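Enquirer: Quick one: the structure is below, questions incoming.
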Amino acid sequence: MNSKKFTIFGDPIEHSISPKMHTFAIDGLGLDASYSKTHLEGACRLRTIFLEGYDGANVTVPHKEAAFGQCDEVRGVAKEIGAVNTLINEDGHMIGYNTDAEGFYRSVLDFGEIKTALIIGAGGTSKALSFILKEKGIEVTVLNRSQKRLKDFKNFKTFDWESYESSYHDIIINTTSAGLEEANLPAPKPIMIDLFSNTKYAIDVIYNKETPFLKMAKEYNIPTKDGADMLLYQGILAFNLFYHDKYTFEEVLPFMKKAFDPTAT
Ligand code: ATR
């Protein structure tokens, strides 16, 4: 049996938990494979490096759009999203997928039935999440601090801080980087009070940090999640693409989950 080789491309890449996740799954399932980190400052050689050295790969910030552009074929929701995070080497052809969006949807499903969602932010993450939620039949509203990027959300109800109107949403999702470095909420306090007074659940896509957004949600006794499950689920879906669905989601989950447990070896 040929040993399989996988990697993750990104810049920076040091912090990435993906190698740990995939290595736990590879070892747990007794597979002959390795998963490395590839630090790539520019994306121009991504396709060559991938096809010459790897059976499959993940792509993280800032190369997801560039990878999309270099694929021989893009499959599934990635076509609409315009970004890929998973690559498969199919007989020397680079095939791209996006498991971030589906992984996020699965993490939302853990809360139960969701019919309406409000997404804060209008960048790349918001685009991917709003697309998948809409495709799954959820009514999505997008709130952003400024108008400019809302132009990309033609098929959605959109508000900026000025035009914001109160209404109920089953879930509020923060995709902005507010709270990552500074102690900021993603919208002014009066809007946040109104949002948390009119929702059941809250998710911040930031992982491993209790942001002011999540802190405030907890003050309102709203069940919350950070981005950890989204990260875990996109990894399982990528792994299943690497192994052509040989293993079920549930089979891979306990192994990959160990990567989030600091005591696991
Ligand atoms: P990503 O690809 O992670 O989604 P991005 O494309 O840089 O990141 O988009 C970030 C989004 O968060 C933008 O909509 C940005 O608002 P603007 O369109 O007005 O720039 C929003 N954002 C970033 N920092 C923010 C902050 N401190 N408060 C509120 N919104 C913020």
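Going by the structure tokens order, chains are called A, B, ..., each with residues numbered from 1, while ligands are numbered from 1 in the order shown.
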If we count only C-alpha atoms, what is near range 181-196 of chain A at a cut-off of 10 Å, once residues fewer than 5 positions away on the same chain are taken out, given as a ChimeraX atom specification?
Expert: /A:118,120-121,143-145,160-161,164-169,171-172,174-176,201-202,211-222
Enquirer: I'd like the contact shell of His93 in chain A - 9 Å cut-off, only C-alpha atoms, skipping same-chain residues fewer than 6 positions apart - returned as a PyMOL selection string.
Expert: chain A and resi 51+71-73
Enquirer: Could you list, as an MDAnalysis selection string, every residue within 6 Å of Thr7 in chain A, counting only C-alpha atoms and ignoring same-chain residues fewer than 5 positions away?
Expert: chainID A and resid 35:37 57
Enquirer: I'd like to know which of A:Lys79, A:Lys127, A:His63, A:Lys115 is closest to ligand 1, using only C-alpha atoms and all ligand atoms.
Expert: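 The closest residue to ligand 1 is A:Lys127.
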Enquirer: Taking only C-alpha atoms into account, which of A:Gln234, A:Gln70, A:Asn85, A:Asn240 comes nearest Tyr105 in chain A?
Expert: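 So, comparing all the options, the nearest one is A:Gln234.
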Enquirer: Extract, using only C-alpha atoms, all DNA, RNA and protein residues at most 10 Å from Ile114 in chain A, discarding same-chain residues fewer than 5 positions from it, and format them as a VMD selection string.
Expert: chain A and resid 108 to 109 133 136 to 139 169 to 171 200 to 201
Enquirer: So that I can check the secondary structure, give me every residue of range 83-198 of chain A assigned strand (DSSP E or B) by backbone DSSP, as JSON, numbers by chain.
Expert: {"A": [86, 87, 88, 89, 90, 93, 94, 95, 96, 97, 116, 117, 118, 119, 120, 139, 140, 141, 142, 143, 144, 157, 158, 159, 160, 169, 170, 171, 172, 173, 174]}
Enquirer: Could you save those same residues with N, CA, C and O atoms as a CSV table (one decimal), in the first residue's frame?
Expert:
```csv
chain,number,residue,atom,x,y,z
A,86,THR,N,-10.3,22.5,0.6
A,86,THR,CA,-9.9,21.1,0.5
A,86,THR,C,-9.5,20.8,-0.9
A,86,THR,O,-10.3,21.1,-1.8
A,87,LEU,N,-8.3,20.1,-1.1
A,87,LEU,CA,-7.9,19.8,-2.4
A,87,LEU,C,-7.7,18.3,-2.5
A,87,LEU,O,-7.2,17.7,-1.5
A,88,ILE,N,-8.0,17.7,-3.6
A,88,ILE,CA,-7.8,16.3,-3.9
A,88,ILE,C,-7.0,16.1,-5.1
A,88,ILE,O,-7.3,16.8,-6.1
A,89,ASN,N,-6.0,15.3,-5.1
A,89,ASN,CA,-5.2,15.0,-6.3
A,89,ASN,C,-5.8,13.8,-7.0
A,89,ASN,O,-5.6,12.7,-6.6
A,90,GLU,N,-6.6,14.1,-8.0
A,90,GLU,CA,-7.2,13.0,-8.8
A,90,GLU,C,-6.5,12.8,-10.1
A,90,GLU,O,-6.7,13.5,-11.0
A,93,HIS,N,-4.9,15.8,-11.4
A,93,HIS,CA,-5.8,17.0,-11.5
A,93,HIS,C,-6.1,17.5,-10.1
A,93,HIS,O,-6.4,16.7,-9.2
A,94,MET,N,-6.1,18.8,-10.0
A,94,MET,CA,-6.3,19.4,-8.7
A,94,MET,C,-7.8,19.7,-8.6
A,94,MET,O,-8.4,20.6,-9.3
A,95,ILE,N,-8.5,19.0,-7.7
A,95,ILE,CA,-10.0,19.1,-7.5
A,95,ILE,C,-10.2,19.9,-6.2
A,95,ILE,O,-9.7,19.5,-5.1
A,96,GLY,N,-11.0,20.9,-6.2
A,96,GLY,CA,-11.3,21.7,-5.0
A,96,GLY,C,-12.7,21.6,-4.5
A,96,GLY,O,-13.7,21.5,-5.2
A,97,TYR,N,-12.8,21.6,-3.1
A,97,TYR,CA,-14.0,21.6,-2.4
A,97,TYR,C,-14.0,22.6,-1.3
A,97,TYR,O,-12.9,23.1,-0.9
A,116,THR,N,-34.4,31.0,11.0
A,116,THR,CA,-33.9,32.4,10.7
A,116,THR,C,-32.6,32.7,11.4
A,116,THR,O,-32.4,32.2,12.5
A,117,ALA,N,-31.7,33.4,10.6
A,117,ALA,CA,-30.4,33.6,11.2
A,117,ALA,C,-30.0,35.1,10.8
A,117,ALA,O,-30.4,35.6,9.8
A,118,LEU,N,-29.3,35.7,11.7
A,118,LEU,CA,-28.7,37.0,11.4
A,118,LEU,C,-27.2,36.9,11.5
A,118,LEU,O,-26.6,36.4,12.5
A,119,ILE,N,-26.5,37.3,10.4
A,119,ILE,CA,-25.0,37.2,10.4
A,119,ILE,C,-24.5,38.6,10.5
A,119,ILE,O,-24.9,39.5,9.8
A,120,ILE,N,-23.5,38.8,11.4
A,120,ILE,CA,-22.9,40.1,11.6
A,120,ILE,C,-21.5,40.0,10.8
A,120,ILE,O,-20.7,39.1,11.0
A,139,GLU,N,-33.7,31.5,6.5
A,139,GLU,CA,-33.8,32.9,6.0
A,139,GLU,C,-32.7,33.7,6.7
A,139,GLU,O,-32.6,33.7,7.9
A,140,VAL,N,-31.9,34.3,5.9
A,140,VAL,CA,-30.7,35.0,6.4
A,140,VAL,C,-30.7,36.5,6.3
A,140,VAL,O,-31.0,37.0,5.2
A,141,THR,N,-30.4,37.2,7.4
A,141,THR,CA,-30.2,38.7,7.3
A,141,THR,C,-28.8,38.9,7.6
A,141,THR,O,-28.1,38.3,8.4
A,142,VAL,N,-28.2,39.9,6.9
A,142,VAL,CA,-26.8,40.3,7.1
A,142,VAL,C,-26.7,41.7,7.7
A,142,VAL,O,-27.3,42.6,7.1
A,143,LEU,N,-26.0,41.9,8.8
A,143,LEU,CA,-25.8,43.2,9.4
A,143,LEU,C,-24.3,43.5,9.3
A,143,LEU,O,-23.4,42.7,9.8
A,144,ASN,N,-23.9,44.7,8.8
A,144,ASN,CA,-22.5,45.1,8.7
A,144,ASN,C,-22.4,46.6,9.1
A,144,ASN,O,-23.3,47.3,9.0
A,157,LYS,N,-31.6,40.0,2.9
A,157,LYS,CA,-32.1,41.2,3.6
A,157,LYS,C,-30.8,41.7,4.3
A,157,LYS,O,-30.1,41.0,5.0
A,158,THR,N,-30.4,43.0,4.1
A,158,THR,CA,-29.2,43.5,4.7
A,158,THR,C,-29.5,44.8,5.5
A,158,THR,O,-30.4,45.6,5.1
A,159,PHE,N,-28.7,45.1,6.5
A,159,PHE,CA,-28.7,46.3,7.3
A,159,PHE,C,-27.3,46.8,7.6
A,159,PHE,O,-26.4,45.9,7.8
A,160,ASP,N,-27.1,48.1,7.6
A,160,ASP,CA,-25.9,48.6,8.3
A,160,ASP,C,-26.4,49.1,9.6
A,160,ASP,O,-27.6,49.0,9.9
A,169,HIS,N,-34.6,36.5,15.4
A,169,HIS,CA,-33.8,35.5,14.6
A,169,HIS,C,-33.5,34.3,15.5
A,169,HIS,O,-33.2,34.5,16.7
A,170,ASP,N,-33.6,33.1,15.0
A,170,ASP,CA,-33.3,31.9,15.9
A,170,ASP,C,-31.9,31.9,16.3
A,170,ASP,O,-31.5,31.5,17.4
A,171,ILE,N,-31.0,32.4,15.5
A,171,ILE,CA,-29.6,32.4,15.8
A,171,ILE,C,-28.9,33.7,15.3
A,171,ILE,O,-29.2,34.2,14.2
A,172,ILE,N,-27.9,34.1,16.1
A,172,ILE,CA,-27.1,35.3,15.7
A,172,ILE,C,-25.6,34.8,15.6
A,172,ILE,O,-25.1,34.1,16.4
A,173,ILE,N,-25.0,35.1,14.5
A,173,ILE,CA,-23.7,34.6,14.1
A,173,ILE,C,-22.7,35.8,13.9
A,173,ILE,O,-22.9,36.6,13.1
A,174,ASN,N,-21.6,35.8,14.7
A,174,ASN,CA,-20.6,36.8,14.5
A,174,ASN,C,-19.5,36.3,13.6
A,174,ASN,O,-18.8,35.4,14.0
```
Enquirer: For the helix (DSSP H, G or I) assignment from backbone DSSP, which residues of range 110-249 of chain A qualify? Please present them as a ChimeraX atom specification.
Expert: /A:124-135,148-152,189-197,212-219,228-242,249
Enquirer: Kindly indicate which residue among A:Thr60, A:Asp226, A:Thr265, A:Lys246 lies nearest to ligand 1, using only C-alpha atoms and all ligand atoms for the distances.
Expert: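 Looking only at the distances to ligand 1, the closest residue turns out to be A:Thr60.
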Enquirer: When you draw a straight line from CA of Asn2 in chain A to CA of Asp32 in chain A, how long is it in Å?
Expert: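 Rounded to one decimal, the two atoms are 7.7 Å apart.
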Enquirer: Find the residue from A:Lys20, A:Lys134, A:Lys5, A:Lys64 that sits nearest to Phe255 in chain A; use only C-alpha atoms when measuring.
Expert: A:Lys20
Enquirer: So, counting only C-alpha atoms, which residue among A:Pro223, A:Lys257, A:Leu40, A:Leu241 is closest to Gly112 in chain A?
Expert: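 Using only C-alpha atoms, the shortest distance to Gly112 in chain A belongs to A:Pro223.
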Enquirer: May I ask which of the residues A:Ser163, A:Ser177, A:Thr48, A:Ser18 is the closest one to ligand 1, counting only C-alpha atoms and all ligand atoms?
Expert: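 Answer, going by the shortest atom-to-atom distance: A:Ser177.
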Enquirer: Using only C-alpha atoms, which protein or nucleic acid residues come within 7 Å of Asn98 in chain A? Drop anything in the same chain fewer than 3 positions from it, and give the result as a list in words.
Expert: Val77, Ala78, Ala83, Val84, Asn85, Thr86 and Ala101 of chain A
